[in-house]
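What follows is the content of entry_26.tsv, which has TSV, C-alpha atoms:
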```tsv
chain	number	residue	atom	x	y	z
J	696	MET	CA	44.48	78.07	107.22
J	697	ASN	CA	45.39	75.27	104.79
J	698	CYS	CA	44.22	72.31	106.88
J	699	ARG	CA	41.48	70.38	105.07
J	700	VAL	CA	38.85	69.05	107.48
J	701	ALA	CA	35.88	66.69	107.17
J	702	THR	CA	33.30	65.47	109.67
J	703	ILE	CA	31.35	62.22	109.34
J	704	THR	CA	27.96	61.70	111.01
J	705	LEU	CA	26.48	58.31	110.17
J	706	ASN	CA	23.33	58.76	112.27
J	707	PRO	CA	22.23	62.43	112.32
J	708	ALA	CA	19.06	63.66	114.00
J	709	TYR	CA	16.70	66.55	114.36
J	710	ASP	CA	17.22	67.61	117.98
J	711	LEU	CA	14.13	68.92	119.76
J	712	LEU	CA	15.50	70.76	122.82
J	713	GLY	CA	13.23	71.59	125.73
J	714	PHE	CA	13.27	72.70	129.36
J	715	CYS	CA	11.10	71.09	132.04
J	716	PRO	CA	11.73	71.92	135.73
J	717	LYS	CA	11.24	68.26	136.67
J	718	VAL	CA	10.32	65.36	134.39
J	719	GLU	CA	7.50	63.32	135.94
J	720	LEU	CA	7.30	59.82	134.48
J	721	GLY	CA	3.78	58.63	133.71
J	722	ASP	CA	2.37	62.17	133.91
J	723	VAL	CA	1.82	65.18	131.66
J	724	ASN	CA	4.93	67.37	131.47
J	725	LEU	CA	4.72	70.95	130.24
J	726	VAL	CA	7.90	71.62	128.28
J	727	HIS	CA	9.30	74.96	127.15
J	728	THR	CA	10.67	74.47	123.64
J	729	ASN	CA	14.19	75.88	123.25
J	730	ALA	CA	14.95	74.83	119.67
J	731	LEU	CA	14.41	72.31	116.88
J	732	LEU	CA	17.73	71.82	115.14
J	733	ALA	CA	19.20	69.77	112.33
J	734	ALA	CA	22.01	68.11	114.23
J	735	GLY	CA	24.13	65.07	114.96
J	736	LYS	CA	27.50	64.91	116.70
J	737	GLY	CA	29.68	65.43	113.63
J	738	ILE	CA	27.36	68.13	112.35
J	739	ASN	CA	27.59	69.89	115.71
J	740	VAL	CA	31.39	69.76	115.47
J	741	ALA	CA	31.09	71.30	112.00
J	742	LYS	CA	28.91	74.14	113.34
J	743	VAL	CA	31.65	75.11	115.79
J	744	LEU	CA	34.42	74.89	113.18
J	745	SER	CA	32.35	76.84	110.65
J	746	ASP	CA	31.93	79.65	113.19
J	747	LEU	CA	35.74	79.61	113.51
J	748	ASP	CA	36.00	80.15	109.72
J	749	VAL	CA	37.18	76.62	108.90
J	750	LYS	CA	36.24	75.31	105.46
J	751	LEU	CA	34.54	71.94	105.84
J	752	THR	CA	33.19	68.92	104.03
J	753	LEU	CA	30.46	66.88	105.72
J	754	GLY	CA	29.42	63.30	105.07
J	755	GLY	CA	27.31	60.43	106.38
J	756	PHE	CA	23.70	59.37	105.82
J	757	LEU	CA	20.46	61.37	105.65
J	758	GLY	CA	16.89	60.19	105.14
J	759	LYS	CA	15.24	61.20	101.88
J	760	GLU	CA	11.88	62.04	103.46
J	761	ASN	CA	13.07	64.91	105.69
J	762	ARG	CA	16.37	66.18	104.30
J	763	ASP	CA	15.25	69.80	103.81
J	764	GLY	CA	16.26	71.07	107.25
J	765	PHE	CA	19.79	69.76	106.76
J	766	ASN	CA	20.01	71.29	103.29
J	767	LEU	CA	19.16	74.69	104.79
J	768	LEU	CA	21.75	74.23	107.56
J	769	PHE	CA	24.51	73.24	105.15
J	770	ASP	CA	23.76	76.26	102.98
J	771	SER	CA	23.93	78.56	106.00
J	772	LEU	CA	27.26	77.02	107.12
J	773	ASN	CA	28.69	77.20	103.59
J	774	VAL	CA	30.00	73.62	103.79
J	775	GLU	CA	30.43	70.98	101.10
J	776	ASP	CA	27.69	68.36	101.40
J	777	LYS	CA	28.81	64.78	100.74
J	778	PHE	CA	25.94	63.11	102.62
J	779	GLN	CA	24.45	60.01	101.04
J	780	THR	CA	20.65	60.12	100.85
J	781	VAL	CA	18.90	56.86	101.79
J	782	GLU	CA	15.29	55.70	101.95
J	783	GLY	CA	13.36	56.70	105.07
J	784	ARG	CA	13.46	59.53	107.60
J	785	THR	CA	16.29	60.94	109.67
J	786	ARG	CA	15.45	60.31	113.33
J	787	ILE	CA	14.24	62.81	115.92
J	788	ASN	CA	15.87	63.09	119.35
J	789	VAL	CA	14.04	64.80	122.20
J	790	LYS	CA	16.37	66.28	124.83
J	791	LEU	CA	14.81	67.59	128.05
J	792	THR	CA	16.90	69.66	130.46
J	793	GLU	CA	15.70	69.91	134.07
J	794	GLU	CA	16.38	72.60	136.68
J	795	ASN	CA	19.22	70.50	138.14
J	796	SER	CA	20.84	70.46	134.64
J	797	GLU	CA	20.13	66.75	134.18
J	798	VAL	CA	19.33	65.90	130.56
J	799	THR	CA	16.89	63.16	129.58
J	800	ASP	CA	17.30	61.89	126.01
J	801	LEU	CA	14.47	60.26	124.07
J	802	ASN	CA	16.14	59.02	120.90
J	803	PHE	CA	13.69	57.77	118.29
J	804	SER	CA	14.58	55.37	115.48
J	805	GLY	CA	15.21	56.53	111.93
J	806	PHE	CA	16.31	55.02	108.63
J	807	THR	CA	17.87	51.57	108.21
J	808	ILE	CA	21.05	51.21	106.15
J	809	THR	CA	21.04	48.38	103.61
J	810	GLU	CA	24.14	46.44	102.60
J	811	GLN	CA	24.07	48.27	99.27
J	812	ASP	CA	23.84	51.64	101.07
J	813	TRP	CA	26.88	50.77	103.19
J	814	GLN	CA	29.01	49.50	100.32
J	815	SER	CA	28.21	52.63	98.32
J	816	PHE	CA	29.15	54.83	101.29
J	817	VAL	CA	32.44	52.99	101.89
J	818	THR	CA	33.48	53.23	98.24
J	819	ASP	CA	32.54	56.89	97.90
J	820	SER	CA	33.91	58.07	101.24
J	821	LEU	CA	37.27	56.36	100.85
J	822	GLU	CA	37.64	58.20	97.55
J	823	TRP	CA	36.73	61.72	98.64
J	824	LEU	CA	38.34	61.49	102.08
J	825	LYS	CA	41.76	61.07	100.43
J	826	HIS	CA	42.04	64.85	100.23
J	827	PHE	CA	41.76	65.66	103.96
J	828	ASP	CA	44.24	66.32	106.76
J	829	MET	CA	41.92	65.68	109.73
J	830	ILE	CA	38.64	63.77	109.92
J	831	ALA	CA	36.13	63.66	112.78
J	832	ILE	CA	33.94	60.56	113.02
J	833	SER	CA	31.23	61.16	115.58
J	834	GLY	CA	28.06	59.66	116.98
J	835	SER	CA	26.10	56.44	116.97
J	836	LEU	CA	25.47	53.96	114.18
J	837	PRO	CA	22.17	53.71	112.32
J	838	ALA	CA	20.31	50.42	112.16
J	839	GLY	CA	21.79	48.05	109.62
J	840	VAL	CA	25.46	48.98	110.03
J	841	SER	CA	27.63	46.10	111.25
J	842	LEU	CA	30.02	46.89	114.10
J	843	ASP	CA	32.78	44.84	112.47
J	844	LYS	CA	32.35	46.64	109.14
J	845	PHE	CA	32.42	49.98	110.98
J	846	THR	CA	35.77	49.03	112.55
J	847	THR	CA	37.13	47.98	109.17
J	848	TRP	CA	36.01	51.24	107.56
J	849	ILE	CA	37.73	53.39	110.22
J	850	LYS	CA	40.93	51.38	109.70
J	851	GLN	CA	40.64	52.10	105.98
J	852	VAL	CA	40.08	55.80	106.66
J	853	LYS	CA	43.22	55.85	108.83
J	854	THR	CA	45.32	54.59	105.94
J	855	ILE	CA	44.42	57.66	103.87
J	856	CYS	CA	44.21	60.17	106.75
J	857	PRO	CA	46.01	59.17	109.96
J	858	LYS	CA	44.51	62.03	112.01
J	859	VAL	CA	41.12	60.53	112.82
J	860	VAL	CA	39.25	62.16	115.73
J	861	PHE	CA	36.64	59.77	117.16
J	862	ASP	CA	33.77	60.45	119.56
J	863	SER	CA	31.05	57.90	120.18
J	864	SER	CA	29.47	55.76	122.90
J	865	ARG	CA	28.26	52.27	123.74
J	866	ASP	CA	28.88	49.55	121.12
J	867	ALA	CA	29.97	52.05	118.46
J	868	LEU	CA	32.67	53.34	120.84
J	869	VAL	CA	34.00	49.82	121.41
J	870	ALA	CA	34.00	49.10	117.67
J	871	GLY	CA	35.70	52.40	116.84
J	872	LEU	CA	38.44	51.99	119.44
J	873	LYS	CA	39.45	48.69	117.83
J	874	ALA	CA	40.66	50.80	114.89
J	875	LYS	CA	42.94	52.84	117.22
J	876	PRO	CA	41.96	56.39	116.20
J	877	TRP	CA	44.49	59.21	116.60
J	878	LEU	CA	42.38	61.12	119.16
J	879	ILE	CA	39.31	60.06	121.15
J	880	LYS	CA	37.04	62.05	123.46
J	881	PRO	CA	34.92	59.83	125.70
J	882	ASN	CA	33.33	61.22	128.83
J	883	ASP	CA	34.12	59.64	132.19
J	884	LYS	CA	31.02	57.39	132.13
J	885	GLU	CA	31.82	56.13	128.63
J	886	LEU	CA	35.39	55.41	129.70
J	887	GLU	CA	34.07	53.46	132.71
J	888	MET	CA	31.84	51.44	130.41
J	889	TYR	CA	34.75	50.66	128.09
J	890	VAL	CA	37.25	49.56	130.76
J	891	GLY	CA	34.57	47.73	132.75
J	892	ARG	CA	35.22	49.24	136.16
J	893	LYS	CA	34.30	52.23	138.32
J	894	LEU	CA	36.60	55.23	137.96
J	895	SER	CA	36.10	57.24	141.13
J	896	THR	CA	39.20	59.44	141.14
J	897	LEU	CA	41.21	61.46	138.65
J	898	ALA	CA	44.13	59.08	139.17
J	899	GLU	CA	41.95	56.10	138.23
J	900	ILE	CA	40.73	57.93	135.12
J	901	LYS	CA	44.31	58.68	134.11
J	902	VAL	CA	45.30	55.02	134.55
J	903	ALA	CA	42.40	53.97	132.30
J	904	ALA	CA	43.45	56.56	129.71
J	905	MET	CA	47.01	55.24	129.76
J	906	GLU	CA	45.70	51.74	129.05
J	907	LEU	CA	44.19	53.08	125.83
J	908	ILE	CA	47.40	54.93	124.96
J	909	ASN	CA	49.47	51.80	125.51
J	910	ASN	CA	47.06	50.06	123.15
J	911	GLY	CA	47.91	52.46	120.33
J	912	ILE	CA	45.68	55.53	120.71
J	913	GLU	CA	47.86	58.66	120.79
J	914	ASN	CA	45.52	61.18	122.42
J	915	VAL	CA	42.83	60.49	125.02
J	916	VAL	CA	40.70	63.45	126.10
J	917	ILE	CA	38.15	62.66	128.81
J	918	SER	CA	35.37	65.16	129.42
J	919	LEU	CA	34.38	65.34	133.09
J	920	GLY	CA	31.28	67.53	132.91
J	921	SER	CA	31.43	70.52	135.24
J	922	LYS	CA	34.77	69.23	136.58
J	923	GLY	CA	36.48	69.96	133.26
J	924	ALA	CA	38.49	67.78	130.90
J	925	LEU	CA	41.64	65.67	131.12
J	926	TRP	CA	44.00	65.19	128.15
J	927	VAL	CA	46.47	62.32	128.41
J	928	THR	CA	49.25	61.36	125.98
J	929	LYS	CA	52.28	59.12	126.42
J	930	HIS	CA	54.38	62.14	127.37
J	931	GLU	CA	52.10	64.63	129.15
J	932	ALA	CA	48.76	65.16	130.84
J	933	TRP	CA	46.71	68.31	131.47
J	934	LEU	CA	43.52	68.97	133.42
J	935	ALA	CA	41.41	72.00	132.46
J	936	LYS	CA	38.77	73.26	134.88
J	937	PRO	CA	36.10	75.73	133.71
J	938	PRO	CA	34.51	78.38	135.93
J	939	LYS	CA	30.99	77.87	137.27
J	940	CYS	CA	28.61	78.50	134.37
J	941	ASN	CA	24.94	79.30	134.05
J	942	VAL	CA	23.63	76.12	132.41
J	943	VAL	CA	20.88	76.39	129.79
J	944	SER	CA	21.62	73.06	128.11
J	945	THR	CA	24.55	70.65	128.15
J	946	VAL	CA	23.45	69.21	124.79
J	947	GLY	CA	26.34	69.49	122.36
J	948	ALA	CA	28.94	70.53	124.95
J	949	GLY	CA	31.08	67.50	124.12
J	950	ASP	CA	30.78	68.20	120.40
J	951	SER	CA	31.78	71.81	121.05
J	952	MET	CA	34.87	70.55	122.84
J	953	VAL	CA	35.75	68.29	119.89
J	954	GLY	CA	35.44	71.29	117.56
J	955	GLY	CA	37.69	73.32	119.84
J	956	LEU	CA	40.25	70.52	120.06
J	957	MET	CA	40.40	70.18	116.28
J	958	TYR	CA	40.75	73.93	115.80
J	959	GLY	CA	43.60	74.16	118.30
J	960	LEU	CA	45.42	71.24	116.69
J	961	MET	CA	44.98	72.46	113.13
J	962	THR	CA	46.32	75.90	114.15
J	963	ASN	CA	49.39	74.24	115.69
J	964	GLN	CA	48.67	75.18	119.30
J	965	SER	CA	50.27	73.15	122.08
J	966	ILE	CA	48.26	70.43	123.81
J	967	LYS	CA	47.96	72.69	126.86
J	968	ASP	CA	46.70	75.71	124.90
J	969	THR	CA	44.43	73.56	122.73
J	970	LEU	CA	42.75	72.11	125.83
J	971	VAL	CA	42.24	75.60	127.28
J	972	PHE	CA	40.70	76.78	124.02
J	973	ALA	CA	38.44	73.73	123.68
J	974	SER	CA	37.37	74.06	127.31
J	975	SER	CA	36.46	77.71	126.72
J	976	VAL	CA	34.29	76.78	123.72
J	977	ALA	CA	32.60	73.99	125.71
J	978	ALA	CA	32.04	76.21	128.78
J	979	LEU	CA	30.27	78.83	126.68
J	980	SER	CA	28.17	76.21	124.90
J	981	VAL	CA	26.27	75.19	128.03
J	982	GLY	CA	24.91	78.72	128.37
J	983	GLN	CA	22.91	78.47	125.15
J	984	ALA	CA	20.40	76.24	123.37
J	985	GLY	CA	22.09	74.69	120.38
J	986	VAL	CA	25.69	74.48	119.26
J	987	GLY	CA	27.94	77.12	117.77
J	988	ILE	CA	30.03	80.17	118.61
J	989	ALA	CA	27.95	83.32	118.50
J	990	ASP	CA	30.71	85.57	119.85
J	991	ARG	CA	34.41	84.92	119.18
J	992	GLN	CA	35.37	87.58	121.74
J	993	ALA	CA	33.49	85.66	124.44
J	994	VAL	CA	35.73	82.66	123.75
J	995	THR	CA	38.82	84.87	124.06
J	996	ASN	CA	37.51	86.33	127.31
J	997	MET	CA	36.86	82.84	128.70
J	998	LEU	CA	40.45	81.65	128.13
J	999	ASP	CA	41.79	83.36	131.26
J	1000	LYS	CA	39.01	81.83	133.36
J	1001	ILE	CA	40.03	78.26	132.58
J	1002	GLU	CA	42.27	76.75	135.26
J	1003	ILE	CA	44.91	74.52	133.67
J	1004	ILE	CA	46.90	72.03	135.77
J	1005	ALA	CA	49.69	69.69	134.73
J	1006	GLY	CA	48.69	66.07	135.34
```
Is it possible to express this structure as C-alpha cells?
Amino acid sequence: MNCRVATITLNPAYDLLGFCPKVELGDVNLVHTNALLAAGKGINVAKVLSDLDVKLTLGGFLGKENRDGFNLLFDSLNVEDKFQTVEGRTRINVKLTEENSEVTDLNFSGFTITEQDWQSFVTDSLEWLKHFDMIAISGSLPAGVSLDKFTTWIKQVKTICPKVVFDSSRDALVAGLKAKPWLIKPNDKELEMYVGRKLSTLAEIKVAAMELINNGIENVVISLGSKGALWVTKHEAWLAKPPKCNVVSTVGAGDSMVGGLMYGLMTNQSIKDTLVFASSVAALSVGQAGVGIADRQAVTNMLDKIEIIAG
C-alpha cells in the first residue's frame, strides 16, 4: 500500500475506562477498572490503521510532564512521532460505562497552548504534512487554541492535502466545518447540534447531510450508534446496520469507524464496501475495552453480518 497517512490529535488524553452498573451522583461508586490508555481520537484512529498494517505519522500536542505513556504506545505501534511537546500535563479523561451501555465522560483539563506553541505547530505541520495523501484531524481543541486560527489551519492543510478526514464535536466541529473538509463523521447528536434542529428520522438526517454536501463537503458519514451509520454524497447514499453486539464499552467506536473508512478508501474500495468494512470494525470495537483490531479474521467474519441498504 503506497498511500501515505497522518493523523492529528491536538488534545490527546489518558483514558481511564471503567465499568459501574449504575452511576449514583453524590455517592460513592465502586468502579471496575477496564484500562488506562494513552489515547485521543486521532491516536485511536492510528491504532486501528496500525493493526491493519498501515504506515503512519502522528502529530499534535503532548504535555512534557507525562509523555512517557505515549512514547511507549508509539513505539509499540511503530509509527513516526511528530508530536510537539509543550509545558504542562496531557489531560486525563474518565469514561464510565453503565449496565445500560450509557457512557459518562469526566474530561479533566490539561495543558494550555501559547501563541508561540501554536505558531510553531502551524509552521512545522504545514511543512511535514506536504508528503501525505490522506490526513485525519480528530478531537477537541486544547485551551489556548483560537477557533478562527483552527479553521485557517485546516484550510491551509487542505491546500497541500485535499483529502482531509475530520471528526470533532461542539465548537471545534463548527470551526472545522467552515474549512469544508473532504470527509466528516459526526454522530447524529453532533449533526443536530450543528444544524440547530431535532433530527428524528433517517430522512431528516439525510436532508441535514445534504445541506453540508451542498455547502462543499464531499462525504458526510453519520454514525447512529446501535442503528448503524449513514454515508451520504452528492450521488449516492448507503445505510449500514450492524448486528446486535455484546457491549463492553462504546468508547472509541467512532474512532474505529474513522479508521475503517480511511482504510477502505485508501485501498480503493467502493463507498458501499468501505462503509461495510468500517461498520464491521466499529461493531467489533464495542465488545472490548480500548481501541484496535485484535483479530483480522473477526473483521472478515463480521462483514457478512452487516446489513447494507441503498439510501
Quote the spacing between atom CA of J:Thr704 and atom CA of J:Gly982 in Å to one decimal place.
24.5 Å
How close does stretch 928-998 of chain J get to stretch 747-768 of chain J? List, as JSON lines, each residue of stretch 928-998 of chain J within 10 Å, its nearest atom pair and the distance in Å to one decimal, counting only C-alpha atoms.
```
{"residue": "J:Gly954", "atom": "CA", "partner": "J:Leu747", "partner_atom": "CA", "distance": 9.3}
{"residue": "J:Gly955", "atom": "CA", "partner": "J:Leu747", "partner_atom": "CA", "distance": 9.1}
{"residue": "J:Tyr958", "atom": "CA", "partner": "J:Leu747", "partner_atom": "CA", "distance": 7.9}
{"residue": "J:Met961", "atom": "CA", "partner": "J:Val749", "partner_atom": "CA", "distance": 9.8}
{"residue": "J:Gly987", "atom": "CA", "partner": "J:Leu747", "partner_atom": "CA", "distance": 9.2}
{"residue": "J:Ile988", "atom": "CA", "partner": "J:Leu747", "partner_atom": "CA", "distance": 7.7}
{"residue": "J:Ala989", "atom": "CA", "partner": "J:Leu747", "partner_atom": "CA", "distance": 10.0}
{"residue": "J:Arg991", "atom": "CA", "partner": "J:Leu747", "partner_atom": "CA", "distance": 7.9}
```
Expected file: the selected residues, C-alpha atoms, as a tab-separated table (two decimals), in the frame of the given file:
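Printed below is out37.tsv as written:
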```
chain	number	residue	atom	x	y	z
J	954	GLY	CA	35.44	71.29	117.56
J	955	GLY	CA	37.69	73.32	119.84
J	958	TYR	CA	40.75	73.93	115.80
J	961	MET	CA	44.98	72.46	113.13
J	987	GLY	CA	27.94	77.12	117.77
J	988	ILE	CA	30.03	80.17	118.61
J	989	ALA	CA	27.95	83.32	118.50
J	991	ARG	CA	34.41	84.92	119.18
```
For a test of reading the model, state the distance in Å between atom CA of J:Asn996 and atom CA of J:Asp746, rounded to one decimal.
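Atom CA of J:Asn996 sits 16.6 Å away from atom CA of J:Asp746.
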Name the residues in contact with stretch 800-817 of chain J at a cut-off of 9 Å, using only C-alpha atoms, excluding same-chain residues fewer than 3 positions from it; report them as a list in words.
Asn706, Ala708, Gly755, Phe756, Leu757, Gly758, Phe778, Gln779, Val781, Glu782, Gly783, Arg784, Thr785, Arg786, Ile787, Asn788, Val789, Lys790, Leu791, Thr792, Ser820, Leu821, Glu822, Pro837, Ala838, Gly839, Val840 and Trp848 of chain J
From the options J:Met829, J:Ala977, J:Ala733, J:Leu836, which residue's atoms come nearest to J:Arg699, counting only C-alpha atoms?
J:Met829
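In this structure, atom CA of J:Ile832 sits 23.9 Å away from atom CA of J:Thr799.
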Nearest to J:Ala1005: which of J:Val943, J:Ala948, J:Val927, J:Val915 is it, counting all atoms listed in the file?
J:Val927
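Around the coordinate (30.4, 70.8, 116.2), residues that reach within 9 Å when counting only C-alpha atoms are Thr702, Gly735, Lys736, Gly737, Ile738, Asn739, Val740, Ala741, Lys742, Val743, Leu744, Ser745, Gly947, Ala948, Gly949, Asp950, Ser951, Met952, Val953, Gly954, Gly955, Val986 and Gly987 of chain J.
With all atoms listed in the file as the atoms that count, the minimum distance from J:His930 to the choices J:Ser918, J:Gly1006, J:Val981, J:Glu885 is reached by J:Gly1006.
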Using all atoms listed in the file, which residue out of J:Thr780, J:Ala874, J:Ile830, J:Val859 lies closest to J:Lys844?
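With all atoms listed in the file as the atom set, the closest residue is J:Ala874.
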Contacts of J:Ile900 at 9 Å (all atoms listed in the file; same-chain gap of 4+ positions) as a PDB file with C-alpha atoms, in the frame of the given file:
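So the final result, stored in result18.pdb, reads:
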```
ATOM      1  CA  ASP J 883      34.120  59.640 132.190  1.00  0.00           C
ATOM      2  CA  LEU J 886      35.390  55.410 129.700  1.00  0.00           C
ATOM      3  CA  GLU J 887      34.070  53.460 132.710  1.00  0.00           C
ATOM      4  CA  LEU J 894      36.600  55.230 137.960  1.00  0.00           C
ATOM      5  CA  SER J 895      36.100  57.240 141.130  1.00  0.00           C
ATOM      6  CA  THR J 896      39.200  59.440 141.140  1.00  0.00           C
ATOM      7  CA  ALA J 904      43.450  56.560 129.710  1.00  0.00           C
ATOM      8  CA  MET J 905      47.010  55.240 129.760  1.00  0.00           C
ATOM      9  CA  ILE J 917      38.150  62.660 128.810  1.00  0.00           C
ATOM     10  CA  LEU J 925      41.640  65.670 131.120  1.00  0.00           C
TER      11      LEU J 925
END
```
Starting from the block above, write stretch 830-906 of chain J out to a file with C-alpha atoms, as an mmCIF file, in the first residue's frame, please.
```
data_model
loop_
_atom_site.group_PDB
_atom_site.id
_atom_site.type_symbol
_atom_site.label_atom_id
_atom_site.label_comp_id
_atom_site.auth_asym_id
_atom_site.auth_seq_id
_atom_site.Cartn_x
_atom_site.Cartn_y
_atom_site.Cartn_z
ATOM 1 C CA ILE J 830 -4.877 13.253 6.831
ATOM 2 C CA ALA J 831 -7.251 12.676 9.749
ATOM 3 C CA ILE J 832 -7.827 15.619 12.092
ATOM 4 C CA SER J 833 -9.726 14.419 15.137
ATOM 5 C CA GLY J 834 -10.900 15.527 18.544
ATOM 6 C CA SER J 835 -11.294 18.647 20.628
ATOM 7 C CA LEU J 836 -9.074 21.698 20.932
ATOM 8 C CA PRO J 837 -6.810 22.330 23.916
ATOM 9 C CA ALA J 838 -7.101 25.552 25.884
ATOM 10 C CA GLY J 839 -5.433 28.461 24.136
ATOM 11 C CA VAL J 840 -6.209 27.494 20.533
ATOM 12 C CA SER J 841 -8.368 30.039 18.712
ATOM 13 C CA LEU J 842 -11.318 28.639 16.752
ATOM 14 C CA ASP J 843 -10.650 31.032 13.870
ATOM 15 C CA LYS J 844 -6.980 30.034 13.706
ATOM 16 C CA PHE J 845 -8.003 26.367 13.768
ATOM 17 C CA THR J 846 -10.267 26.964 10.740
ATOM 18 C CA THR J 847 -7.470 28.776 8.925
ATOM 19 C CA TRP J 848 -5.010 25.954 9.643
ATOM 20 C CA ILE J 849 -7.355 23.278 8.252
ATOM 21 C CA LYS J 850 -7.828 25.378 5.103
ATOM 22 C CA GLN J 851 -4.035 25.527 4.784
ATOM 23 C CA VAL J 852 -3.766 21.765 5.270
ATOM 24 C CA LYS J 853 -6.350 21.246 2.505
ATOM 25 C CA THR J 854 -4.192 23.162 0.044
ATOM 26 C CA ILE J 855 -1.362 20.639 0.479
ATOM 27 C CA CYS J 856 -3.534 17.529 1.015
ATOM 28 C CA PRO J 857 -7.137 17.782 -0.229
ATOM 29 C CA LYS J 858 -8.220 14.513 1.434
ATOM 30 C CA VAL J 859 -8.795 15.755 4.975
ATOM 31 C CA VAL J 860 -10.921 13.485 7.190
ATOM 32 C CA PHE J 861 -12.415 15.458 10.103
ATOM 33 C CA ASP J 862 -14.110 14.217 13.271
ATOM 34 C CA SER J 863 -14.843 16.532 16.172
ATOM 35 C CA SER J 864 -17.689 17.979 18.241
ATOM 36 C CA ARG J 865 -19.086 21.175 19.723
ATOM 37 C CA ASP J 866 -17.278 24.430 18.840
ATOM 38 C CA ALA J 867 -14.333 22.615 17.236
ATOM 39 C CA LEU J 868 -16.767 20.837 14.876
ATOM 40 C CA VAL J 869 -18.319 24.140 13.815
ATOM 41 C CA ALA J 870 -14.882 25.701 13.273
ATOM 42 C CA GLY J 871 -13.616 22.699 11.315
ATOM 43 C CA LEU J 872 -16.651 22.528 9.031
ATOM 44 C CA LYS J 873 -16.008 26.116 7.938
ATOM 45 C CA ALA J 874 -12.901 24.748 6.191
ATOM 46 C CA LYS J 875 -15.042 22.251 4.206
ATOM 47 C CA PRO J 876 -13.113 19.019 4.853
ATOM 48 C CA TRP J 877 -13.265 16.211 2.294
ATOM 49 C CA LEU J 878 -14.957 13.744 4.682
ATOM 50 C CA ILE J 879 -16.611 14.289 8.067
ATOM 51 C CA LYS J 880 -18.028 11.800 10.569
ATOM 52 C CA PRO J 881 -20.336 13.427 13.103
ATOM 53 C CA ASN J 882 -22.779 11.342 15.098
ATOM 54 C CA ASP J 883 -26.487 12.119 14.905
ATOM 55 C CA LYS J 884 -26.443 14.292 18.059
ATOM 56 C CA GLU J 885 -23.485 16.322 16.783
ATOM 57 C CA LEU J 886 -25.257 16.818 13.459
ATOM 58 C CA GLU J 887 -28.370 18.008 15.314
ATOM 59 C CA MET J 888 -26.261 20.479 17.255
ATOM 60 C CA TYR J 889 -24.672 21.796 14.069
ATOM 61 C CA VAL J 890 -27.881 22.285 12.060
ATOM 62 C CA GLY J 891 -29.778 23.579 15.095
ATOM 63 C CA ARG J 892 -32.821 21.335 14.903
ATOM 64 C CA LYS J 893 -34.075 17.917 16.011
ATOM 65 C CA LEU J 894 -33.422 15.104 13.548
ATOM 66 C CA SER J 895 -35.941 12.415 14.439
ATOM 67 C CA THR J 896 -35.951 10.305 11.271
ATOM 68 C CA LEU J 897 -33.425 8.928 8.815
ATOM 69 C CA ALA J 898 -34.931 11.154 6.120
ATOM 70 C CA GLU J 899 -34.341 14.244 8.261
ATOM 71 C CA ILE J 900 -30.746 13.173 8.913
ATOM 72 C CA LYS J 901 -30.180 12.700 5.190
ATOM 73 C CA VAL J 902 -31.591 16.173 4.447
ATOM 74 C CA ALA J 903 -29.193 17.686 7.003
ATOM 75 C CA ALA J 904 -26.293 15.766 5.451
ATOM 76 C CA MET J 905 -27.209 17.077 2.007
ATOM 77 C CA GLU J 906 -27.101 20.638 3.355
#
```
